[in-house]
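K.L.:
First, the structure itself, so that you have it in front of you.
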Amino acid sequence: MNIDESFGYIINLTARNVKKKLETKIKIYDITTSQWAVLKVLSEEDNLTQAEVAERLAADRATTGTVIDKLINKKLVYRNQCENDRRANRVNISDYGQELAEKISCEAVKCNHNALNGFNEEEIEKLINYLQRVNSNLNREE
């Protein structure tokens with residue numbers, strides 16, 4: 001089998017290409033795709049702990065914390081100490097962060113639309129279902 005026939009290679013190349021396209025589009029907002037992912041999660045559900053954000057992104061807590069710190073420096077999110085657990089913090093999106101999330105969402109939709117050009121709705125739904133199954137298979141304990 002040639003490398004360009006390998007599922008792992010193709011899926012990795014596809015993910016890198018989608019990420020690169022989106023990075024190019026959102027560069028004008030001085031934000032990375034990792035920062036965008038955190039911002040998007042918080043725009044959908046605010047007042048999460050760092051651990052909850054990391055869990056929703058399937059990312060590690062330390063990396064997520066670093067991204068959150070950068071977003072705080074950009075005034076896109078802020079932290080508040082949890083009332084019932086002084087060791088934990090809640091992360092909230094600022095008004096400016098919410099506005100930016102909406103703008104970048106439009107860019108992300110365009111990027112996805114471009115990537116799926118030529119696919120009909122049924123094919124897109126099947127593709128998403130297939131990829132979710134692949135992820136489920138890989139996350140299942142052996």
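Chains: A, B, ... in order of the structure tokens. Residues: from 1 per chain. Ligands: from 1, in order shown.
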Considering only C-alpha atoms, give me a table of residues in segment 28-64 of chain A that are at most 8 Å from segment 88-111 of chain A, with the closest atom pair and distance in Å for each, as CSV.
P.N.:
```
residue,atom,partner,partner_atom,distance
A:Tyr29,CA,A:Leu100,CA,7.9
A:Trp36,CA,A:Ala101,CA,7.4
A:Leu39,CA,A:Ala101,CA,6.3
A:Lys40,CA,A:Ala101,CA,6.0
A:Leu42,CA,A:Ile93,CA,5.9
A:Ser43,CA,A:Gln98,CA,5.9
A:Asp46,CA,A:Asn92,CA,5.4
A:Asn47,CA,A:Asn92,CA,4.8
A:Leu48,CA,A:Arg90,CA,5.2
A:Thr49,CA,A:Arg90,CA,4.4
A:Gln50,CA,A:Val91,CA,6.7
```
K.L.:
For the selection just defined, write its residues with N, CA and C atoms to a file, as a tab-separated table (two decimals), in the first residue's frame.
P.N.:
```
chain	number	residue	atom	x	y	z
A	29	TYR	N	-7.61	38.17	12.79
A	29	TYR	CA	-8.18	38.39	14.12
A	29	TYR	C	-7.15	38.14	15.23
A	36	TRP	N	-9.23	29.55	18.97
A	36	TRP	CA	-10.57	29.58	18.41
A	36	TRP	C	-11.42	28.44	18.98
A	39	LEU	N	-12.49	29.35	22.44
A	39	LEU	CA	-13.46	30.43	22.35
A	39	LEU	C	-14.82	29.91	21.88
A	40	LYS	N	-14.81	29.01	20.92
A	40	LYS	CA	-16.06	28.44	20.39
A	40	LYS	C	-16.79	27.65	21.47
A	42	LEU	N	-16.63	28.06	24.69
A	42	LEU	CA	-17.17	28.99	25.68
A	42	LEU	C	-18.30	29.84	25.11
A	43	SER	N	-18.32	30.06	23.81
A	43	SER	CA	-19.42	30.81	23.21
A	43	SER	C	-20.70	29.97	23.21
A	46	ASP	N	-20.94	28.83	28.49
A	46	ASP	CA	-20.06	29.67	29.29
A	46	ASP	C	-19.95	29.14	30.72
A	47	ASN	N	-19.00	29.69	31.46
A	47	ASN	CA	-18.83	29.39	32.88
A	47	ASN	C	-18.40	27.94	33.14
A	48	LEU	N	-17.47	27.47	32.34
A	48	LEU	CA	-16.94	26.12	32.50
A	48	LEU	C	-15.61	26.17	33.25
A	49	THR	N	-15.25	25.07	33.88
A	49	THR	CA	-13.92	24.98	34.47
A	49	THR	C	-12.93	24.68	33.34
A	50	GLN	N	-11.66	24.91	33.63
A	50	GLN	CA	-10.62	24.59	32.65
A	50	GLN	C	-10.69	23.10	32.28
```
K.L.:
Identify, on the basis of only C-alpha atoms, every residue whose closest approach to segment 55-60 of chain A does not exceed 8 Å; exclude the query and any residue fewer than 4 positions from it along the same chain; express the result as a list in words.
P.N.:
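Residues near the query, excluding close chain neighbours: Ala37, Val38, Val41, Ala51 and Thr64 of chain A.
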K.L.:
Output C-alpha atoms for every residue in the selection just made, as a PDB file, in the first residue's frame.
P.N.:
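Saved result, again23.pdb, follows:
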```pdb
ATOM      1  CA  ALA A  37     -11.608  26.118  19.616  1.00  0.00           C
ATOM      2  CA  VAL A  38     -11.615  27.256  23.259  1.00  0.00           C
ATOM      3  CA  VAL A  41     -16.671  26.053  23.311  1.00  0.00           C
ATOM      4  CA  ALA A  51     -11.036  20.811  32.999  1.00  0.00           C
ATOM      5  CA  THR A  64      -5.916  24.125  27.511  1.00  0.00           C
TER       6      THR A  64
END
```
K.L.:
Using only C-alpha atoms, which protein or nucleic acid residues come within 10 Å of segment 125-133 of chain A? Drop anything in the same chain fewer than 6 positions from it, and give the result as a PyMOL selection string.
P.N.:
chain A and resi 11+116+119+139
